[in-house]
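Undergrad: Input file: model_12.cif. Contents: mmCIF, C-alpha atoms and all ligand atoms.
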data_input
#
loop_
_atom_site.label_atom_id
_atom_site.label_comp_id
_atom_site.auth_asym_id
_atom_site.auth_seq_id
_atom_site.Cartn_x
_atom_site.Cartn_y
_atom_site.Cartn_z
CA MET A 5 -1.49 -0.99 -23.78
CA ASN A 6 1.14 -0.52 -26.45
CA ARG A 7 -0.58 2.54 -27.75
CA ARG A 8 2.34 3.65 -29.90
CA THR A 9 1.96 0.63 -32.14
CA PHE A 10 -1.75 1.22 -32.53
CA ILE A 11 -1.22 4.89 -33.22
CA ARG A 12 1.45 4.13 -35.83
CA THR A 13 -0.83 1.64 -37.50
CA ILE A 14 -3.78 3.99 -37.42
CA GLY A 15 -1.56 6.59 -39.06
CA GLY A 16 -1.04 4.14 -41.91
CA THR A 17 -4.76 3.80 -42.47
CA GLY A 18 -5.15 7.52 -42.96
CA ILE A 19 -7.66 7.98 -40.18
CA VAL A 20 -7.17 11.47 -38.81
CA LEU A 21 -8.38 11.37 -35.26
CA ALA A 22 -7.87 15.06 -34.61
CA ALA A 23 -10.30 15.96 -37.38
CA SER A 24 -13.15 14.68 -35.29
CA GLY A 25 -15.38 16.89 -33.26
CA VAL A 26 -15.32 14.42 -30.33
CA GLY A 27 -13.05 15.34 -27.42
CA LEU A 28 -10.53 12.52 -27.51
CA ALA A 29 -9.46 12.69 -23.91
CA SER A 30 -12.97 12.38 -22.57
CA CYS A 31 -14.55 9.72 -24.76
CA ASP A 32 -14.90 6.11 -23.76
CA GLN A 33 -13.76 6.40 -20.14
CA MET A 34 -13.99 3.32 -17.92
CA PRO A 35 -17.61 3.30 -16.73
CA LYS A 36 -17.82 4.25 -13.05
CA SER A 37 -20.24 1.42 -12.30
CA ALA A 38 -17.65 -1.16 -13.49
CA VAL A 39 -15.02 -0.08 -10.97
CA ALA A 40 -17.26 1.12 -8.12
CA ALA A 41 -16.43 -2.05 -6.15
CA TRP A 42 -12.90 -0.74 -5.54
CA GLU A 43 -14.25 2.11 -3.43
CA GLY A 44 -15.18 -0.45 -0.77
CA PRO A 45 -18.56 -1.68 0.45
CA ASP A 46 -21.16 0.36 2.20
CA ASN A 47 -20.65 -0.06 5.93
CA GLY A 48 -24.37 -0.69 6.33
CA LEU A 49 -24.13 -4.01 4.44
CA PRO A 50 -24.74 -7.22 6.41
CA ASP A 51 -21.41 -8.70 7.56
CA ARG A 52 -21.17 -11.55 5.05
CA GLU A 53 -21.97 -9.28 2.11
CA TRP A 54 -19.40 -6.78 3.42
CA MET A 55 -16.67 -9.46 3.47
CA LEU A 56 -17.68 -10.82 0.08
CA SER A 57 -17.36 -7.35 -1.41
CA TYR A 58 -13.65 -7.50 -0.58
CA ALA A 59 -13.29 -11.10 -1.77
CA MET A 60 -14.60 -10.05 -5.19
CA LEU A 61 -11.53 -7.85 -5.64
CA ALA A 62 -9.38 -11.00 -5.92
CA PRO A 63 -7.14 -11.58 -8.94
CA ASN A 64 -8.55 -14.35 -11.11
CA PRO A 65 -7.86 -15.80 -14.55
CA HIS A 66 -9.06 -13.60 -17.43
CA ASN A 67 -11.11 -11.68 -14.86
CA MET A 68 -13.93 -14.17 -15.36
CA GLN A 69 -14.80 -13.90 -11.64
CA PRO A 70 -15.89 -17.56 -11.57
CA TRP A 71 -17.39 -17.50 -8.09
CA LEU A 72 -20.77 -18.46 -6.66
CA VAL A 73 -21.64 -18.31 -2.99
CA ASP A 74 -24.46 -19.90 -1.04
CA LEU A 75 -25.58 -17.87 1.98
CA THR A 76 -28.62 -19.95 3.00
CA THR A 77 -27.10 -21.12 6.31
CA GLU A 78 -26.65 -18.28 8.81
CA GLY A 79 -23.06 -17.75 9.88
CA GLU A 80 -21.69 -19.66 6.88
CA ILE A 81 -20.54 -19.03 3.35
CA THR A 82 -20.21 -21.88 0.90
CA LEU A 83 -18.09 -21.23 -2.16
CA TYR A 84 -18.65 -22.90 -5.56
CA VAL A 85 -17.13 -22.57 -9.02
CA ASP A 86 -19.44 -20.93 -11.55
CA PRO A 87 -19.56 -23.49 -14.40
CA GLU A 88 -20.44 -20.75 -16.90
CA ARG A 89 -17.12 -18.97 -16.35
CA LEU A 90 -14.45 -21.54 -17.16
CA LEU A 91 -11.58 -21.36 -19.66
CA PRO A 92 -11.70 -24.78 -21.31
CA GLU A 93 -9.02 -24.14 -23.95
CA THR A 94 -6.23 -22.58 -21.90
CA ASP A 95 -7.20 -24.11 -18.55
CA PRO A 96 -8.52 -27.52 -19.56
CA TYR A 97 -8.31 -28.97 -16.03
CA GLY A 98 -9.58 -25.91 -14.17
CA ARG A 99 -6.29 -25.54 -12.30
CA GLN A 100 -6.19 -21.77 -12.76
CA ILE A 101 -9.89 -21.41 -11.98
CA LEU A 102 -9.23 -23.14 -8.65
CA ILE A 103 -6.27 -20.84 -7.95
CA GLY A 104 -8.78 -18.03 -8.49
CA GLN A 105 -11.04 -19.64 -5.84
CA GLY A 106 -8.08 -19.54 -3.46
CA THR A 107 -7.42 -15.85 -4.05
CA PHE A 108 -11.11 -15.14 -3.31
CA LEU A 109 -11.06 -17.30 -0.19
CA GLU A 110 -7.99 -15.60 1.22
CA LEU A 111 -9.41 -12.10 0.76
CA LEU A 112 -12.67 -13.32 2.31
CA ASN A 113 -10.73 -14.66 5.29
CA ILE A 114 -8.77 -11.43 5.74
CA ALA A 115 -11.99 -9.38 5.53
CA ALA A 116 -13.77 -11.70 8.01
CA HIS A 117 -11.00 -11.14 10.56
CA GLU A 118 -11.23 -7.43 9.96
CA LYS A 119 -14.96 -7.61 10.80
CA GLY A 120 -14.20 -9.43 14.06
CA TYR A 121 -14.90 -13.03 13.04
CA GLN A 122 -12.90 -16.18 13.61
CA THR A 123 -13.13 -18.47 10.59
CA LYS A 124 -13.12 -22.20 10.15
CA ILE A 125 -12.43 -23.09 6.52
CA SER A 126 -12.97 -26.60 5.15
CA LEU A 127 -11.74 -27.16 1.61
CA PHE A 128 -13.83 -29.50 -0.55
CA PRO A 129 -16.13 -30.58 2.31
CA GLU A 130 -17.87 -33.06 -0.04
CA GLY A 131 -14.63 -34.36 -1.57
CA GLU A 132 -12.08 -33.11 -4.09
CA PRO A 133 -13.00 -33.11 -7.76
CA LYS A 134 -10.81 -35.46 -9.70
CA SER A 135 -7.69 -34.19 -11.41
CA GLY A 136 -7.29 -34.20 -15.18
CA SER A 137 -10.88 -33.08 -15.78
CA LEU A 138 -12.84 -29.85 -15.97
CA GLU A 139 -15.54 -31.17 -13.66
CA ILE A 140 -14.90 -28.73 -10.86
CA ALA A 141 -18.35 -27.22 -10.37
CA GLY A 142 -21.34 -28.71 -8.54
CA LYS A 143 -19.68 -29.57 -5.25
CA PRO A 144 -18.42 -26.87 -2.89
CA VAL A 145 -14.83 -25.68 -3.06
CA ALA A 146 -14.94 -24.41 0.50
CA GLN A 147 -17.19 -23.96 3.47
CA ILE A 148 -16.40 -20.98 5.67
CA LYS A 149 -17.87 -20.94 9.19
CA LEU A 150 -17.87 -17.57 10.88
CA GLU A 151 -17.79 -17.19 14.65
CA LYS A 152 -17.79 -14.05 16.71
CA GLY A 153 -15.82 -14.55 19.87
CA ALA A 154 -12.32 -13.95 21.03
CA GLU A 155 -10.95 -11.00 19.09
CA PRO A 156 -9.19 -12.40 16.01
CA SER A 157 -5.92 -10.87 14.98
CA LYS A 158 -6.51 -8.38 12.18
CA ASP A 159 -4.32 -8.79 9.15
CA PRO A 160 -2.32 -5.69 8.15
CA LEU A 161 -2.69 -6.78 4.51
CA PHE A 162 -6.41 -5.90 4.70
CA ARG A 163 -5.71 -2.27 3.88
CA GLN A 164 -3.85 -3.24 0.69
CA ILE A 165 -6.87 -5.04 -0.84
CA PRO A 166 -8.29 -1.99 -2.70
CA HIS A 167 -4.84 -1.00 -3.98
CA ARG A 168 -3.77 -4.40 -5.35
CA ARG A 169 -3.54 -4.75 -9.13
CA SER A 170 -2.26 -7.04 -11.82
CA ASN A 171 -0.12 -4.42 -13.53
CA LYS A 172 0.15 -5.30 -17.23
CA GLU A 173 2.42 -2.40 -18.23
CA GLY A 174 6.12 -2.67 -19.14
CA TYR A 175 8.18 -2.16 -15.97
CA GLU A 176 11.18 0.07 -15.36
CA GLU A 177 14.56 -1.42 -16.11
CA GLN A 178 15.45 -1.96 -12.50
CA TYR A 179 16.21 -5.06 -10.43
CA LEU A 180 14.39 -5.65 -7.17
CA ALA A 181 16.02 -3.88 -4.25
CA GLN A 182 17.38 -6.09 -1.48
CA THR A 183 14.94 -4.56 1.00
CA ASP A 184 12.04 -5.45 -1.30
CA ARG A 185 13.33 -8.98 -1.77
CA ASP A 186 13.63 -9.34 2.00
CA ALA A 187 10.06 -8.08 2.45
CA LEU A 188 8.68 -10.63 -0.04
CA ALA A 189 10.74 -13.40 1.55
CA GLY A 190 8.52 -12.97 4.63
CA LEU A 191 5.66 -14.68 2.72
CA ARG A 192 3.96 -17.42 4.74
CA LEU A 193 3.96 -20.66 2.74
CA ASN A 194 1.77 -23.73 3.13
CA GLU A 195 3.37 -27.11 3.56
CA GLY A 196 4.89 -28.29 0.28
CA GLU A 197 5.00 -24.80 -1.28
CA ARG A 198 8.13 -22.94 -2.33
CA THR A 199 8.85 -19.78 -4.25
CA GLY A 200 11.64 -18.76 -6.61
CA PHE A 201 12.73 -15.33 -7.77
CA ALA A 202 14.95 -14.17 -10.63
CA THR A 203 16.24 -10.66 -10.00
CA ALA A 204 19.43 -10.45 -12.08
CA ALA A 205 19.81 -9.92 -15.84
CA GLU A 206 21.31 -13.34 -16.59
CA ASP A 207 18.58 -15.16 -14.64
CA VAL A 208 15.68 -13.18 -16.06
CA ALA A 209 16.70 -13.32 -19.74
CA PRO A 210 15.93 -17.04 -20.30
CA LEU A 211 12.66 -16.76 -18.37
CA ARG A 212 11.57 -13.80 -20.45
CA GLU A 213 12.27 -15.98 -23.49
CA PHE A 214 10.03 -18.76 -22.16
CA ALA A 215 7.28 -16.20 -21.53
CA ARG A 216 7.67 -14.83 -25.06
CA LYS A 217 7.54 -18.26 -26.73
CA ALA A 218 4.55 -19.35 -24.68
CA ILE A 219 2.57 -16.17 -25.39
CA LEU A 220 3.22 -16.51 -29.10
CA MET A 221 2.08 -20.14 -28.94
CA GLU A 222 -1.16 -19.10 -27.29
CA MET A 223 -1.75 -16.26 -29.74
CA GLU A 224 -0.88 -18.28 -32.82
CA THR A 225 -3.10 -21.21 -31.84
CA PRO A 226 -6.53 -20.18 -33.16
CA ARG A 227 -8.69 -21.86 -30.52
CA THR A 228 -6.72 -20.47 -27.56
CA LEU A 229 -6.61 -17.02 -29.15
CA LEU A 230 -10.36 -17.18 -29.74
CA GLU A 231 -10.95 -17.96 -26.07
CA SER A 232 -9.39 -14.60 -25.14
CA ILE A 233 -11.08 -12.70 -27.94
CA GLU A 234 -14.49 -14.00 -26.90
CA ARG A 235 -13.80 -12.66 -23.41
CA THR A 236 -12.60 -9.22 -24.48
CA ARG A 237 -14.86 -6.22 -23.82
CA ILE A 238 -14.09 -3.25 -26.03
CA GLY A 239 -15.33 0.19 -25.11
CA ALA A 240 -17.26 1.65 -22.19
CA ASP A 241 -20.66 0.34 -23.31
CA GLU A 242 -19.53 -3.26 -23.52
CA ILE A 243 -17.60 -3.03 -20.25
CA ALA A 244 -20.60 -1.51 -18.46
CA LYS A 245 -22.77 -4.36 -19.76
CA ASN A 246 -20.21 -7.10 -18.96
CA PRO A 247 -17.79 -5.88 -16.29
CA ASP A 248 -15.53 -8.91 -16.58
CA GLY A 249 -13.00 -10.42 -19.01
CA ILE A 250 -10.25 -8.46 -20.72
CA ASP A 251 -11.24 -4.80 -20.80
CA LEU A 252 -10.04 -2.39 -23.48
CA ASN A 253 -11.27 1.16 -23.39
CA GLY A 254 -10.18 4.69 -24.11
CA PRO A 255 -10.34 6.93 -27.20
CA LEU A 256 -8.07 4.72 -29.27
CA PHE A 257 -10.29 1.66 -28.93
CA TRP A 258 -13.38 3.75 -29.41
CA TRP A 259 -12.08 4.87 -32.79
CA LEU A 260 -10.79 1.46 -33.82
CA LYS A 261 -14.16 -0.04 -33.00
CA ARG A 262 -15.96 2.74 -34.82
CA PHE A 263 -13.96 2.06 -37.99
CA GLY A 264 -14.62 -1.68 -37.72
CA LEU A 265 -10.97 -2.46 -36.98
CA MET A 266 -11.51 -4.20 -33.65
CA THR A 267 -14.02 -6.91 -34.47
CA PRO A 268 -13.43 -10.52 -33.33
CA GLU A 269 -12.90 -11.45 -37.00
CA GLU A 270 -10.17 -8.81 -37.38
CA ALA A 271 -8.50 -9.92 -34.15
CA MET A 272 -8.42 -13.53 -35.40
CA THR A 273 -6.86 -12.62 -38.77
CA PRO A 274 -3.06 -12.47 -39.01
CA GLY A 275 -1.84 -9.25 -40.61
CA THR A 276 -4.66 -7.05 -39.32
CA MET A 277 -4.09 -4.22 -36.90
CA ALA A 278 -6.16 -5.91 -34.19
CA TYR A 279 -4.20 -9.20 -34.46
CA GLN A 280 -0.77 -7.57 -34.61
CA GLY A 281 -1.72 -5.02 -31.94
CA GLY A 282 -2.48 -7.87 -29.52
CA ILE A 283 0.89 -9.50 -30.14
CA ASP A 284 2.77 -6.18 -29.94
CA TYR A 285 1.03 -5.40 -26.67
CA ALA A 286 2.15 -8.69 -25.11
CA MET A 287 5.66 -8.36 -26.49
CA GLY A 288 5.80 -4.85 -24.95
CA TRP A 289 5.40 -6.19 -21.44
CA VAL A 290 7.68 -9.14 -22.12
CA GLU A 291 10.41 -6.60 -22.98
CA GLY A 292 9.56 -4.59 -19.88
CA THR A 293 10.29 -7.51 -17.54
CA HIS A 294 13.36 -7.37 -15.31
CA ASN A 295 12.33 -9.55 -12.37
CA MET A 296 10.26 -12.73 -12.27
CA GLY A 297 8.91 -15.06 -9.64
CA TRP A 298 7.19 -18.42 -9.42
CA LEU A 299 5.21 -20.42 -6.89
CA VAL A 300 5.58 -24.19 -6.77
CA THR A 301 3.51 -26.81 -4.93
CA LYS A 302 4.29 -30.38 -4.08
CA GLY A 303 1.84 -32.41 -6.12
CA ASN A 304 -1.06 -30.80 -7.92
CA SER A 305 -4.11 -31.72 -5.87
CA ARG A 306 -7.21 -29.54 -6.00
CA SER A 307 -6.48 -28.38 -2.44
CA ALA A 308 -2.89 -27.50 -3.40
CA GLN A 309 -4.27 -25.37 -6.26
CA VAL A 310 -6.67 -23.49 -3.96
CA GLN A 311 -3.97 -23.02 -1.32
CA ALA A 312 -1.59 -21.72 -4.00
CA GLY A 313 -4.17 -19.04 -4.83
CA ARG A 314 -4.31 -18.04 -1.17
CA THR A 315 -0.52 -17.74 -1.06
CA TYR A 316 -0.31 -15.90 -4.39
CA VAL A 317 -2.74 -13.17 -3.39
CA ARG A 318 -0.90 -12.66 -0.10
CA LEU A 319 2.28 -12.13 -2.06
CA ASN A 320 0.45 -9.71 -4.37
CA LEU A 321 -0.77 -7.76 -1.31
CA MET A 322 2.70 -7.74 0.25
CA ALA A 323 4.13 -6.47 -3.03
CA THR A 324 1.44 -3.77 -3.11
CA ALA A 325 2.55 -2.60 0.34
CA GLN A 326 6.12 -2.26 -1.03
CA ASN A 327 4.97 -0.49 -4.24
CA ILE A 328 6.11 -3.48 -6.31
CA ALA A 329 4.04 -4.22 -9.41
CA MET A 330 3.05 -7.82 -10.16
CA HIS A 331 1.54 -9.55 -13.17
CA PRO A 332 0.97 -13.28 -13.76
CA VAL A 333 2.13 -14.66 -17.11
CA SER A 334 0.55 -18.09 -17.08
CA GLN A 335 0.82 -19.19 -20.69
CA VAL A 336 3.82 -21.49 -20.16
CA LEU A 337 1.98 -23.29 -17.33
CA GLN A 338 -1.10 -24.12 -19.37
CA GLU A 339 -1.95 -27.75 -20.01
CA TYR A 340 -3.00 -27.92 -23.68
CA PRO A 341 -0.99 -30.14 -26.00
CA GLU A 342 0.70 -27.42 -28.10
CA MET A 343 2.30 -25.99 -24.94
CA ALA A 344 3.71 -29.29 -23.64
CA ASP A 345 7.23 -29.03 -25.10
CA ILE A 346 7.82 -25.44 -24.02
CA GLN A 347 6.48 -26.30 -20.59
CA SER A 348 8.72 -29.29 -20.09
CA GLU A 349 11.82 -27.23 -21.08
CA PHE A 350 10.67 -24.51 -18.69
CA ASN A 351 10.26 -27.00 -15.83
CA SER A 352 13.70 -28.49 -16.37
CA HIS A 353 15.24 -25.01 -16.61
CA LEU A 354 13.76 -24.18 -13.18
CA GLY A 355 14.66 -27.58 -11.71
CA ILE A 356 11.06 -28.50 -10.97
CA GLY A 357 10.87 -32.01 -9.48
CA PRO A 358 8.67 -34.76 -10.93
CA ASP A 359 6.25 -34.45 -8.01
CA GLU A 360 6.12 -30.63 -8.18
CA THR A 361 3.91 -28.18 -10.14
CA VAL A 362 4.55 -24.54 -10.95
CA GLN A 363 1.20 -22.96 -10.12
CA MET A 364 2.03 -19.29 -10.76
CA PHE A 365 4.69 -17.59 -12.87
CA PHE A 366 4.72 -13.81 -12.66
CA ARG A 367 6.49 -10.56 -13.50
CA LEU A 368 7.64 -8.27 -10.70
CA GLY A 369 8.99 -4.76 -10.89
CA TYR A 370 8.56 -1.07 -10.55
CA GLN A 371 5.91 0.87 -12.39
CA LYS A 372 3.37 3.49 -11.42
CA ALA A 373 -0.01 2.23 -10.27
CA VAL A 374 -2.63 1.40 -12.89
CA SER A 375 -6.41 1.77 -12.76
CA PRO A 376 -8.45 -1.08 -11.33
CA SER A 377 -10.09 -3.72 -13.50
CA PRO A 378 -13.87 -4.10 -13.69
CA ARG A 379 -15.90 -6.16 -11.27
CA ARG A 380 -19.42 -7.55 -11.42
CA LYS A 381 -21.93 -6.72 -8.70
CA LEU A 382 -22.16 -8.75 -5.52
CA PRO A 383 -25.71 -10.05 -6.22
CA ASP A 384 -24.31 -11.62 -9.44
CA ILE A 385 -22.41 -14.22 -7.40
CA ILE A 386 -25.02 -14.97 -4.73
CA MET A 387 -26.87 -18.21 -5.45
CA GLY A 388 -30.60 -18.69 -5.26
C1 LIG B 1 -4.47 -18.08 -11.85
C2 LIG B 1 -4.30 -16.75 -12.52
C3 LIG B 1 -3.70 -16.69 -13.76
C4 LIG B 1 -3.53 -15.46 -14.41
N1 LIG B 1 -2.89 -15.43 -15.61
C5 LIG B 1 -2.71 -14.27 -16.26
C6 LIG B 1 -2.03 -14.21 -17.50
O1 LIG B 1 -1.54 -15.20 -18.01
N2 LIG B 1 -1.91 -13.01 -18.12
C7 LIG B 1 -2.43 -11.86 -17.58
O2 LIG B 1 -2.31 -10.81 -18.19
N3 LIG B 1 -3.06 -11.88 -16.37
C8 LIG B 1 -3.21 -13.05 -15.71
N4 LIG B 1 -3.84 -13.07 -14.49
C9 LIG B 1 -4.29 -11.81 -13.89
C10 LIG B 1 -5.74 -11.53 -14.24
O3 LIG B 1 -5.87 -11.18 -15.58
C11 LIG B 1 -6.26 -10.43 -13.30
O4 LIG B 1 -6.23 -10.89 -11.99
C12 LIG B 1 -7.68 -10.01 -13.66
O5 LIG B 1 -7.72 -9.42 -14.93
C13 LIG B 1 -8.22 -9.02 -12.65
O6 LIG B 1 -7.36 -7.90 -12.56
P1 LIG B 1 -6.71 -7.46 -11.19
O7 LIG B 1 -5.83 -8.55 -10.71
O8 LIG B 1 -5.94 -6.20 -11.52
O9 LIG B 1 -7.83 -7.20 -10.23
C14 LIG B 1 -4.00 -14.28 -13.80
C15 LIG B 1 -4.60 -14.34 -12.53
C16 LIG B 1 -4.75 -15.56 -11.89
C17 LIG B 1 -5.36 -15.61 -10.52
#
Would you write the structure of this file as structure tokens?
TA:
Amino acid sequence: MNRRTFIRTIGGTGIVLAASGVGLASCDQMPKSAVAAWEGPDNGLPDREWMLSYAMLAPNPHNMQPWLVDLTTEGEITLYVDPERLLPETDPYGRQILIGQGTFLELLNIAAHEKGYQTKISLFPEGEPKSGSLEIAGKPVAQIKLEKGAEPSKDPLFRQIPHRRSNKEGYEEQYLAQTDRDALAGLRLNEGERTGFATAAEDVAPLREFARKAILMEMETPRTLLESIERTRIGADEIAKNPDGIDLNGPLFWWLKRFGLMTPEEAMTPGTMAYQGGIDYAMGWVEGTHNMGWLVTKGNSRSAQVQAGRTYVRLNLMATAQNIAMHPVSQVLQEYPEMADIQSEFNSHLGIGPDETVQMFFRLGYQKAVSPSPRRKLPDIIMG
């Protein structure tokens, strides 16, 4: 968080934090219950629940955790989209939500292998939802059949799952080392997928500009801004109650909230500290971007979207192993009308073909590890 900006602005309001009797460093810590999932599941859990506990650590849009699983058939897991957890304004066709099903599926697969299972995964066993619509719930995204048998090969990325983050800080002004680029180049791609990386000043500068313009478009368009604000949890109490969405905690937010400066109305009103703080925060990490990457698929089928999620999280885990920070910046890829012009310039800048789709656009770089983001409890995603 760009705390300096907030602190400066608070200074202007005349609020003297130090005058309070409350210990600043200790108030409003991230509630332990909201991040307990990152400590790993209890080994006594039944196998499917154990694997699902790892799958729930997947990166996903706005941390909405839009997953539902059906466990009624022994030896199987059926994955559905949770229709209550969509992002209709910024993700009007559910493309990003389906990428977030793919990230979940891949971690589930890695964890199943770790537990000694072979897996047979069928995507959209009852047919793909149609494109160009948000009707992505109701029918299963994937059916995972688990079989004990010949020892499956364990994936070395398993041990990175609890350490993976989307690191939203500004990164050090440093270009990716050749050894790190080589390590990421080992990413296994599905048919039709390709990646691109910008790791030199002249290549990154125009991409940073696209990211900046797209973020401003999202934040200056009231209905897309509102979508984020409605999913923001401010302070430990709110986060403990709803361990999802965009989480803001710590003494600064505690005080801002206490003085009525962090309400949804304030955040929606240009000129207020909450509104400007949000923009300054985003511009802070745009500035702190010195390497970028993107993942492209041929076509844009529902299966391609899910597979892109599987590939993206593998890259995120590989980066974790190399101590490389990653952070998706998806605004320019979003399919609402106000973004269309910026998006088409972006696609031509990157040389994206007419039958190709950029599924993920992300920052890469060096920065110290950040704390994990909240997760709901496993029973919250189990159907029935
Ligand atoms: C498809 C997709 C799109 C995302 N887009 C953004 C984005 O535009 N901005 C952002 O800050 N994070 C983005 N994220 C990252 C999520 O916010 C992050 O995964 C979530 O908050 C959980 O945090 P974690 O990855 O650290 O576990 C995206 C993640 C996915 C899978």
Undergrad: With ligand LIG 1 (chain B) as the partner and 6 Å as the cut-off, tabulate the residues of chain A that qualify, each row holding the nearest pair of atoms and their distance in Å to one decimal, using only C-alpha atoms and all ligand atoms, sorted by chain and rising number, as CSV.
TA:
residue,atom,partner,partner_atom,distance
A:Leu61,CA,B:LIG1,O9,5.9
A:Ala62,CA,B:LIG1,O9,6.0
A:Pro63,CA,B:LIG1,O4,3.3
A:Asn64,CA,B:LIG1,C17,3.5
A:Pro65,CA,B:LIG1,C16,4.1
A:His66,CA,B:LIG1,O3,4.4
A:Asn67,CA,B:LIG1,C12,4.0
A:Gln100,CA,B:LIG1,C1,4.2
A:Ile103,CA,B:LIG1,C1,5.1
A:Gly104,CA,B:LIG1,C17,4.7
A:Arg169,CA,B:LIG1,O8,3.7
A:Ser170,CA,B:LIG1,O8,3.8
A:Pro332,CA,B:LIG1,C5,4.6
A:Val333,CA,B:LIG1,O1,3.8
A:Ser334,CA,B:LIG1,O1,3.7
A:Gln335,CA,B:LIG1,O1,5.4
A:Pro376,CA,B:LIG1,O8,5.7
A:Ser377,CA,B:LIG1,O6,5.1
Undergrad: Counting all atoms listed in the file, what is within 12 Å of stretch 339-341 of chain A, bar same-chain residues fewer than 2 positions away, as a compact mmCIF listing (two decimals) with C-alpha atoms, in the frame of the given file?
TA:
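Final file, part.txt:
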# COMPACT_ATOMS: atom_id res chain seq x y z
CA LEU A 91 -11.58 -21.36 -19.66
CA PRO A 92 -11.70 -24.78 -21.31
CA GLU A 93 -9.02 -24.14 -23.95
CA THR A 94 -6.23 -22.58 -21.90
CA ASP A 95 -7.20 -24.11 -18.55
CA PRO A 96 -8.52 -27.52 -19.56
CA TYR A 97 -8.31 -28.97 -16.03
CA GLY A 98 -9.58 -25.91 -14.17
CA ARG A 99 -6.29 -25.54 -12.30
CA GLN A 100 -6.19 -21.77 -12.76
CA GLY A 136 -7.29 -34.20 -15.18
CA SER A 137 -10.88 -33.08 -15.78
CA LEU A 138 -12.84 -29.85 -15.97
CA ALA A 218 4.55 -19.35 -24.68
CA MET A 221 2.08 -20.14 -28.94
CA GLU A 222 -1.16 -19.10 -27.29
CA THR A 225 -3.10 -21.21 -31.84
CA ARG A 227 -8.69 -21.86 -30.52
CA THR A 228 -6.72 -20.47 -27.56
CA SER A 334 0.55 -18.09 -17.08
CA GLN A 335 0.82 -19.19 -20.69
CA VAL A 336 3.82 -21.49 -20.16
CA LEU A 337 1.98 -23.29 -17.33
CA MET A 343 2.30 -25.99 -24.94
CA ALA A 344 3.71 -29.29 -23.64
CA ASP A 345 7.23 -29.03 -25.10
CA ILE A 346 7.82 -25.44 -24.02
CA GLN A 347 6.48 -26.30 -20.59
CA SER A 348 8.72 -29.29 -20.09
CA THR A 361 3.91 -28.18 -10.14
CA VAL A 362 4.55 -24.54 -10.95
CA GLN A 363 1.20 -22.96 -10.12
Undergrad: Select from stretch 213-288 of chain A every residue with an atom at most 9 Å from any atom of stretch 31-38 of chain A, then for each give the shortest pair of atoms and their distance in Å to one decimal, using only C-alpha atoms, rows by chain and rising number, as JSON lines.
TA:
{"residue": "A:Gly239", "atom": "CA", "partner": "A:Asp32", "partner_atom": "CA", "distance": 6.1}
{"residue": "A:Ala240", "atom": "CA", "partner": "A:Asp32", "partner_atom": "CA", "distance": 5.3}
{"residue": "A:Asp241", "atom": "CA", "partner": "A:Pro35", "partner_atom": "CA", "distance": 7.8}
{"residue": "A:Ile243", "atom": "CA", "partner": "A:Ala38", "partner_atom": "CA", "distance": 7.0}
{"residue": "A:Ala244", "atom": "CA", "partner": "A:Ala38", "partner_atom": "CA", "distance": 5.8}
{"residue": "A:Lys245", "atom": "CA", "partner": "A:Ala38", "partner_atom": "CA", "distance": 8.7}
{"residue": "A:Asn246", "atom": "CA", "partner": "A:Ala38", "partner_atom": "CA", "distance": 8.5}
{"residue": "A:Pro247", "atom": "CA", "partner": "A:Ala38", "partner_atom": "CA", "distance": 5.5}
{"residue": "A:Asp248", "atom": "CA", "partner": "A:Ala38", "partner_atom": "CA", "distance": 8.6}
{"residue": "A:Leu252", "atom": "CA", "partner": "A:Met34", "partner_atom": "CA", "distance": 8.9}
{"residue": "A:Asn253", "atom": "CA", "partner": "A:Asp32", "partner_atom": "CA", "distance": 6.1}
{"residue": "A:Gly254", "atom": "CA", "partner": "A:Asp32", "partner_atom": "CA", "distance": 4.9}
{"residue": "A:Pro255", "atom": "CA", "partner": "A:Cys31", "partner_atom": "CA", "distance": 5.6}
{"residue": "A:Leu256", "atom": "CA", "partner": "A:Asp32", "partner_atom": "CA", "distance": 8.9}
{"residue": "A:Phe257", "atom": "CA", "partner": "A:Asp32", "partner_atom": "CA", "distance": 8.2}
{"residue": "A:Trp258", "atom": "CA", "partner": "A:Asp32", "partner_atom": "CA", "distance": 6.3}
Undergrad: Between A:Leu180, A:Gly275, A:Phe350, A:Met322, single out the one closest to A:Arg216, counting all atoms listed in the file.
TA: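 So, comparing all the options, the nearest one is A:Phe350.
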Undergrad: Set the distance at 10 Å and use only C-alpha atoms: which residues neighbour A:Phe108 once local chain neighbours fewer than 6 positions away are removed? I'd like the list as a PyMOL selection string.
TA: chain A and resi 56+58-64+69-71+83+102+310+313-314+317
Undergrad: Could you please determine the separation between atom CA of A:Gly79 and atom CA of A:Ala115 in Å, to one decimal place?
TA: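 Computing it gives 14.5 Å between the two atoms.
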Undergrad: Which residues are close to A:Ala202, i.e. within 10 Å by only C-alpha atoms, leaving aside same-chain residues fewer than 2 positions away? Reply as a ChimeraX atom specification.
TA: /A:179-180,200,204-209,211,294-298,367-368
Undergrad: I'd like the neighbourhood of A:Glu80 as a count of residues only, where a residue qualifies if any of its atoms comes within 10 Å (using only C-alpha atoms), though same-chain residues fewer than 6 positions away should be ignored.
TA: 11
Undergrad: Which one is closest to A:Glu118: A:Asp159, A:Glu130, A:Glu88, A:Glu139? Count all atoms listed in the file.
TA: A:Asp159
Undergrad: Please measure the separation of atom CA of A:Trp42 and atom CA of A:Pro378, giving the value in Å to one decimal.
TA: 8.9 Å
Undergrad: So what do you get for atom CA of A:Arg318 versus atom CA of A:Met55, distance-wise?
TA: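 Those two atoms sit 16.5 Å apart.
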